[in-house]
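Asks: Got a file for you: my_file.cif, mmCIF, C-alpha atoms.
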```cif
data_query
#
loop_
_atom_site.label_atom_id
_atom_site.label_comp_id
_atom_site.auth_asym_id
_atom_site.auth_seq_id
_atom_site.Cartn_x
_atom_site.Cartn_y
_atom_site.Cartn_z
CA MET A 30 -10.12 42.02 45.83
CA LYS A 31 -8.27 43.44 42.83
CA LYS A 32 -5.51 40.97 43.46
CA GLN A 33 -8.00 38.06 43.43
CA ILE A 34 -9.51 39.25 40.13
CA LEU A 35 -6.05 39.61 38.63
CA ILE A 36 -5.05 36.11 39.75
CA SER A 37 -8.35 34.68 38.48
CA SER A 38 -7.86 36.41 35.13
CA LEU A 39 -4.31 35.09 34.83
CA LEU A 40 -5.46 31.57 35.67
CA MET A 41 -8.19 31.80 33.00
CA ILE A 42 -5.64 32.94 30.41
CA ILE A 43 -3.24 30.15 31.35
CA LEU A 44 -6.06 27.61 31.17
CA ALA A 45 -7.22 28.92 27.76
CA VAL A 46 -3.66 28.81 26.37
CA SER A 47 -3.11 25.30 27.76
CA LEU A 48 -6.34 24.01 26.22
CA SER A 49 -5.45 25.62 22.91
CA VAL A 50 -2.01 24.00 22.89
CA MET A 51 -3.48 20.61 23.83
CA ALA A 52 -6.06 20.87 21.03
CA GLY A 53 -3.26 21.69 18.61
CA ASP A 54 -1.38 18.60 19.78
CA ASP A 55 -4.47 16.45 19.14
CA GLU A 56 -4.81 17.83 15.61
CA LYS A 57 -1.14 17.23 14.97
CA THR A 58 -1.42 13.68 16.26
CA ALA A 59 -4.49 13.01 14.11
CA THR A 60 -2.72 14.12 10.94
CA ASP A 61 0.50 12.37 11.90
CA THR A 62 -1.27 8.99 11.84
CA LYS A 63 -1.40 9.07 8.03
CA PRO A 64 1.23 6.67 6.72
CA LYS A 65 4.22 8.45 5.28
CA GLU A 66 5.41 5.39 3.41
CA ILE A 67 4.11 2.11 2.10
CA VAL A 68 4.12 -0.70 4.64
CA TRP A 69 5.45 -3.71 2.71
CA MET A 70 4.81 -7.25 3.93
CA SER A 71 6.11 -10.64 2.89
CA TYR A 72 3.85 -12.56 0.49
CA ASP A 73 2.74 -15.22 2.98
CA LYS A 74 1.95 -12.76 5.79
CA GLY A 75 0.33 -10.31 3.40
CA LEU A 76 -1.93 -12.95 1.89
CA ALA A 77 -3.10 -14.00 5.35
CA LYS A 78 -3.76 -10.37 6.33
CA ALA A 79 -5.68 -9.71 3.10
CA LYS A 80 -7.98 -12.66 3.76
CA ALA A 81 -8.56 -11.60 7.36
CA GLU A 82 -9.26 -7.95 6.44
CA ASP A 83 -11.01 -8.60 3.09
CA LYS A 84 -8.56 -6.36 1.22
CA HIS A 85 -7.05 -6.75 -2.22
CA VAL A 86 -3.35 -7.55 -2.50
CA PHE A 87 -0.85 -5.42 -4.40
CA VAL A 88 2.26 -7.52 -5.12
CA ASN A 89 5.45 -5.71 -6.09
CA PHE A 90 7.90 -8.13 -7.76
CA THR A 91 11.30 -6.50 -7.63
CA THR A 92 15.05 -7.17 -7.39
CA SER A 93 17.96 -5.30 -5.85
CA TRP A 94 19.55 -4.64 -9.26
CA CYS A 95 16.44 -3.34 -11.06
CA GLY A 96 16.86 0.31 -12.10
CA TRP A 97 13.15 0.89 -12.79
CA CYS A 98 12.30 -0.63 -9.41
CA LYS A 99 14.63 1.88 -7.75
CA LYS A 100 12.97 4.71 -9.69
CA MET A 101 9.53 3.51 -8.51
CA ASN A 102 10.79 3.55 -4.91
CA LYS A 103 12.05 7.13 -5.31
CA THR A 104 9.03 8.54 -7.17
CA THR A 105 5.68 6.77 -7.46
CA PHE A 106 5.93 4.88 -4.18
CA LYS A 107 6.75 8.17 -2.37
CA ASP A 108 3.60 9.92 -3.65
CA ALA A 109 1.15 10.69 -0.83
CA GLU A 110 -1.92 9.70 -2.88
CA ILE A 111 -0.44 6.34 -3.87
CA ILE A 112 0.56 5.70 -0.25
CA ARG A 113 -2.98 6.56 0.88
CA MET A 114 -4.66 4.40 -1.78
CA LEU A 115 -2.49 1.39 -1.00
CA GLY A 116 -2.91 1.84 2.75
CA GLU A 117 -6.70 2.14 2.63
CA ASN A 118 -7.55 -0.47 0.02
CA PHE A 119 -4.73 -2.99 -0.28
CA VAL A 120 -2.27 -5.13 1.57
CA SER A 121 1.06 -4.21 -0.01
CA VAL A 122 3.46 -7.09 -0.58
CA LYS A 123 7.03 -7.01 -1.83
CA VAL A 124 8.67 -10.09 -3.34
CA ASP A 125 12.36 -10.20 -4.27
CA GLY A 126 12.61 -12.25 -7.46
CA ASP A 127 16.17 -13.31 -6.61
CA SER A 128 15.58 -14.21 -2.98
CA ARG A 129 15.79 -17.75 -1.64
CA LYS A 130 13.85 -16.69 1.46
CA GLU A 131 11.29 -19.38 2.20
CA LEU A 132 7.63 -18.46 2.46
CA ASP A 133 4.99 -20.56 4.23
CA ILE A 134 1.62 -20.14 2.52
CA ASP A 135 -0.81 -22.21 4.59
CA GLY A 136 1.75 -25.01 4.88
CA TYR A 137 2.94 -24.73 1.26
CA LYS A 138 6.62 -23.81 1.34
CA ILE A 139 8.20 -21.98 -1.56
CA THR A 140 11.04 -19.47 -2.00
CA GLU A 141 10.37 -15.94 -3.18
CA GLN A 142 12.41 -16.75 -6.29
CA ASN A 143 10.30 -19.81 -7.14
CA LEU A 144 7.06 -17.96 -6.37
CA THR A 145 8.17 -15.23 -8.78
CA ARG A 146 9.23 -17.52 -11.60
CA SER A 147 6.94 -20.54 -11.27
CA GLU A 148 3.70 -19.33 -9.72
CA PHE A 149 3.56 -15.85 -11.28
CA GLN A 150 5.87 -16.37 -14.28
CA VAL A 151 7.47 -12.96 -13.85
CA ARG A 152 10.11 -12.41 -16.52
CA SER A 153 10.83 -8.70 -16.13
CA TYR A 154 11.04 -6.19 -13.32
CA PRO A 155 9.23 -4.41 -11.94
CA THR A 156 6.01 -6.40 -12.27
CA TYR A 157 2.93 -5.68 -10.17
CA TYR A 158 0.17 -8.21 -9.59
CA PHE A 159 -3.27 -7.46 -8.26
CA LEU A 160 -5.00 -10.19 -6.26
CA THR A 161 -8.43 -10.56 -4.72
CA PRO A 162 -8.60 -10.91 -0.93
CA ASP A 163 -8.61 -14.72 -1.32
CA GLY A 164 -5.44 -14.61 -3.46
CA THR A 165 -6.99 -15.03 -6.92
CA LYS A 166 -4.90 -13.33 -9.61
CA LEU A 167 -6.68 -10.45 -11.30
CA GLY A 168 -3.92 -9.19 -13.56
CA ALA A 169 -0.53 -7.59 -13.79
CA ALA A 170 1.13 -4.34 -14.78
CA ARG A 171 4.71 -4.36 -15.93
CA GLY A 172 7.44 -1.75 -15.98
CA TYR A 173 7.71 1.70 -14.48
CA GLN A 174 4.33 3.23 -13.57
CA ASN A 175 4.02 6.93 -12.89
CA LYS A 176 1.60 7.96 -10.15
CA GLU A 177 -1.28 8.62 -12.59
CA GLN A 178 -0.94 5.22 -14.26
CA LEU A 179 -0.68 3.32 -11.00
CA ALA A 180 -3.57 5.29 -9.48
CA ARG A 181 -5.81 4.19 -12.39
CA TYR A 182 -4.97 0.52 -11.77
CA LEU A 183 -5.45 0.87 -8.02
CA THR A 184 -8.84 2.57 -8.48
CA PHE A 185 -9.98 -0.08 -10.97
CA VAL A 186 -9.18 -2.88 -8.53
CA ALA A 187 -10.24 -1.12 -5.31
CA GLU A 188 -13.65 -0.27 -6.80
CA ARG A 189 -13.98 -3.84 -8.10
CA GLN A 190 -14.55 -2.58 -11.61
CA TYR A 191 -13.15 -5.87 -12.86
CA ASP A 192 -16.51 -7.41 -11.85
CA THR A 193 -18.45 -5.16 -14.23
CA THR A 194 -16.05 -4.27 -17.02
CA LYS A 195 -16.47 -6.24 -20.21
CA THR A 196 -13.49 -6.66 -22.48
CA LYS A 197 -13.50 -7.31 -26.20
CA THR A 198 -12.33 -10.75 -27.21
CA GLN A 199 -10.36 -11.07 -30.37
CA PRO A 200 -11.62 -13.61 -32.94
CA LYS A 201 -9.44 -16.69 -33.39
CA GLY A 202 -6.75 -16.38 -36.00
CA LYS A 203 -6.33 -12.62 -35.67
#
```
Write out the structure in this file as structure tokens.

Replies:
Amino acid sequence: MKKQILISSLLMIILAVSLSVMAGDDEKTATDTKPKEIVWMSYDKGLAKAKAEDKHVFVNFTTSWCGWCKKMNKTTFKDAEIIRMLGENFVSVKVDGDSRKELDIDGYKITEQNLTRSEFQVRSYPTYYFLTPDGTKLGAARGYQNKEQLARYLTFVAERQYDTTKTKTQPKGK
């Protein structure tokens, strides 16, 4: 009888420990699903995804030789809050301003280089464009952005503040 109680007690302890370990694994898995980096897409695929998911588009115009672009990749784009904001509210797109890679935007074919220079008129790097889910240009930010600066832009667009914010217009001739 004592032996049976001892075995039962040991089995209960083993079961409790096993359940505890399994619960810990579930918690670890749940937190591990947070993206650890920005998932960049090509412009054509990103635009299609944004329309399908009704998300804004964040377009990162960059080049391989751009020093400030490299700094963004090492700092701001590594920040957990920026990664979270982009992942939750935007489709992140990267366009290489020197690339001759051809994009297919609903049958319209254009290279990344021509998209950069002709369609968006980017003249310096890095340049970031914000688009509505249907691809309408909202505006751009240029140059290095620290995490606080970029977070302000992302919040403004994600919360659709551009629909309610009035801007002052400057009188002609000034």

Asks: Could you name the residues that touch stretch 149-154 of chain A at 7 Å or less, counting all atoms listed in the file, but leaving out those on the same chain fewer than 4 positions away, as a list in words?

Replies: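 The contact residues come out as Phe90, Thr91, Cys95, Cys98, Leu144, Thr145 and Gly172 of chain A.
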
Asks: Expanded to explicit residues, what is the PyMOL selection byres ((chain A and resi 168) around 6) for this file, as a list in words?

Replies: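 Selection result, ordered by chain and number: Tyr158, Phe159, Lys166, Leu167 and Ala169 of chain A.
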
Asks: Between A:Arg171, A:Lys138, A:Lys130, A:Lys84, which one has atoms that come closest to A:Thr156, using all atoms listed in the file?

Replies: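 Once distances to A:Thr156 are computed over all atoms listed in the file, the minimum belongs to A:Arg171.
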
Asks: At a cut-off of 10 Å, using all atoms listed in the file, what residues contact A:Ala180? Leave out same-chain residues fewer than 2 positions from it and give the result as a ChimeraX atom specification.

Replies: /A:105,110-111,114-115,174-178,182-186

Asks: I'd like the residues picked by the PyMOL selection byres ((chain A and resi 122) around 8) written out as a PyMOL selection string, using the chain letters and numbers from the file.

Replies: chain A and resi 69-72+75+86-89+120-121+123-124

Asks: When distances are computed from only C-alpha atoms, which of A:Ser93, A:Ala109, A:Met101, A:Lys74 shows the smallest separation from A:Asp125?

Replies: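 Using only C-alpha atoms, A:Asp125 sits closest to A:Ser93.
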
Asks: Have a look at A:Asp108, A:Asp163, A:Glu66, A:Asp127 and name the one nearest to A:Ala79; count all atoms listed in the file.

Replies: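 Residue with the minimum atom-to-atom distance to A:Ala79: A:Asp163.
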
Asks: So what do you get for atom CA of A:Arg189 versus atom CA of A:Arg146, distance-wise?

Replies: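 One can read the atom CA of A:Arg189 to atom CA of A:Arg146 distance as 27.2 Å.
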
Asks: For atom CA of A:Arg129 and atom CA of A:Ser147, determine how far apart the two atoms are, in Å to one decimal place.

Replies: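 Atom CA of A:Arg129 sits 13.4 Å away from atom CA of A:Ser147.
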
Asks: Have a look at atom CA of A:Gly126 and atom CA of A:Trp94 and let me know their distance in Å, one decimal.

Replies: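 These two atoms are separated by 10.5 Å.
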
Asks: So that I can check the surroundings of A:Glu131, please list as a PyMOL selection string every protein, DNA and RNA residue that reaches within 9 Å of it, counting all atoms listed in the file and ignoring chain neighbours fewer than 2 positions away.

Replies: chain A and resi 128-129+133+138-142

Asks: Go through A:Leu179, A:Ala77, A:Val68, A:Ile134 one by one, measure the shortest atom-to-atom distance of each to A:Pro162 using only C-alpha atoms, and give the residue with the smallest value.

Replies: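 Among A:Leu179, A:Ala77, A:Val68, A:Ile134, it is A:Ala77 that comes nearest to A:Pro162.
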
Asks: Looking at A:Asp192, A:Asp73, A:Asp83, A:Glu148, which one is nearest to A:Asp135, with distances taken over all atoms listed in the file?

Replies: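 The answer is A:Asp73, which sits nearest to A:Asp135.
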
Asks: Please produce stretch 130-151 of chain A, completed to N, CA and C atoms, as an mmCIF file, in the coordinates of the input.

Replies:
```cif
data_model
loop_
_atom_site.group_PDB
_atom_site.id
_atom_site.type_symbol
_atom_site.label_atom_id
_atom_site.label_comp_id
_atom_site.auth_asym_id
_atom_site.auth_seq_id
_atom_site.Cartn_x
_atom_site.Cartn_y
_atom_site.Cartn_z
ATOM 1 N N LYS A 130 14.594 -16.708 0.203
ATOM 2 C CA LYS A 130 13.850 -16.690 1.460
ATOM 3 C C LYS A 130 12.618 -17.575 1.298
ATOM 4 N N GLU A 131 12.420 -18.455 2.283
ATOM 5 C CA GLU A 131 11.290 -19.380 2.200
ATOM 6 C C GLU A 131 10.023 -18.757 2.777
ATOM 7 N N LEU A 132 8.942 -18.917 2.037
ATOM 8 C CA LEU A 132 7.630 -18.460 2.460
ATOM 9 C C LEU A 132 6.813 -19.678 2.876
ATOM 10 N N ASP A 133 5.880 -19.485 3.784
ATOM 11 C CA ASP A 133 4.990 -20.560 4.230
ATOM 12 C C ASP A 133 3.555 -20.093 3.997
ATOM 13 N N ILE A 134 2.971 -20.539 2.896
ATOM 14 C CA ILE A 134 1.620 -20.140 2.520
ATOM 15 C C ILE A 134 0.678 -21.270 2.896
ATOM 16 N N ASP A 135 0.102 -21.171 4.082
ATOM 17 C CA ASP A 135 -0.810 -22.210 4.590
ATOM 18 C C ASP A 135 -0.201 -23.600 4.502
ATOM 19 N N GLY A 136 1.074 -23.722 4.886
ATOM 20 C CA GLY A 136 1.750 -25.010 4.880
ATOM 21 C C GLY A 136 2.491 -25.315 3.590
ATOM 22 N N TYR A 137 2.244 -24.565 2.538
ATOM 23 C CA TYR A 137 2.940 -24.730 1.260
ATOM 24 C C TYR A 137 4.194 -23.883 1.309
ATOM 25 N N LYS A 138 5.357 -24.534 1.232
ATOM 26 C CA LYS A 138 6.620 -23.810 1.340
ATOM 27 C C LYS A 138 7.216 -23.603 -0.053
ATOM 28 N N ILE A 139 7.630 -22.352 -0.277
ATOM 29 C CA ILE A 139 8.200 -21.980 -1.560
ATOM 30 C C ILE A 139 9.102 -20.763 -1.347
ATOM 31 N N THR A 140 10.173 -20.648 -2.119
ATOM 32 C CA THR A 140 11.040 -19.470 -2.000
ATOM 33 C C THR A 140 10.423 -18.317 -2.782
ATOM 34 N N GLU A 141 10.847 -17.107 -2.435
ATOM 35 C CA GLU A 141 10.370 -15.940 -3.180
ATOM 36 C C GLU A 141 10.754 -16.056 -4.659
ATOM 37 N N GLN A 142 11.952 -16.581 -4.916
ATOM 38 C CA GLN A 142 12.410 -16.750 -6.290
ATOM 39 C C GLN A 142 11.504 -17.712 -7.064
ATOM 40 N N ASN A 143 11.168 -18.844 -6.466
ATOM 41 C CA ASN A 143 10.300 -19.810 -7.140
ATOM 42 C C ASN A 143 8.867 -19.300 -7.268
ATOM 43 N N LEU A 144 8.385 -18.569 -6.286
ATOM 44 C CA LEU A 144 7.060 -17.960 -6.370
ATOM 45 C C LEU A 144 7.021 -17.008 -7.570
ATOM 46 N N THR A 145 8.068 -16.209 -7.700
ATOM 47 C CA THR A 145 8.170 -15.230 -8.780
ATOM 48 C C THR A 145 8.172 -15.914 -10.142
ATOM 49 N N ARG A 146 9.022 -16.898 -10.283
ATOM 50 C CA ARG A 146 9.230 -17.520 -11.600
ATOM 51 C C ARG A 146 8.198 -18.578 -11.940
ATOM 52 N N SER A 147 7.836 -19.425 -10.976
ATOM 53 C CA SER A 147 6.940 -20.540 -11.270
ATOM 54 C C SER A 147 5.459 -20.178 -11.124
ATOM 55 N N GLU A 148 5.108 -19.601 -10.000
ATOM 56 C CA GLU A 148 3.700 -19.330 -9.720
ATOM 57 C C GLU A 148 3.165 -18.105 -10.477
ATOM 58 N N PHE A 149 4.011 -17.075 -10.628
ATOM 59 C CA PHE A 149 3.560 -15.850 -11.280
ATOM 60 C C PHE A 149 4.197 -15.628 -12.646
ATOM 61 N N GLN A 150 5.183 -16.428 -12.987
ATOM 62 C CA GLN A 150 5.870 -16.370 -14.280
ATOM 63 C C GLN A 150 6.343 -14.960 -14.633
ATOM 64 N N VAL A 151 6.919 -14.291 -13.653
ATOM 65 C CA VAL A 151 7.470 -12.960 -13.850
ATOM 66 C C VAL A 151 8.786 -13.107 -14.610
#
```
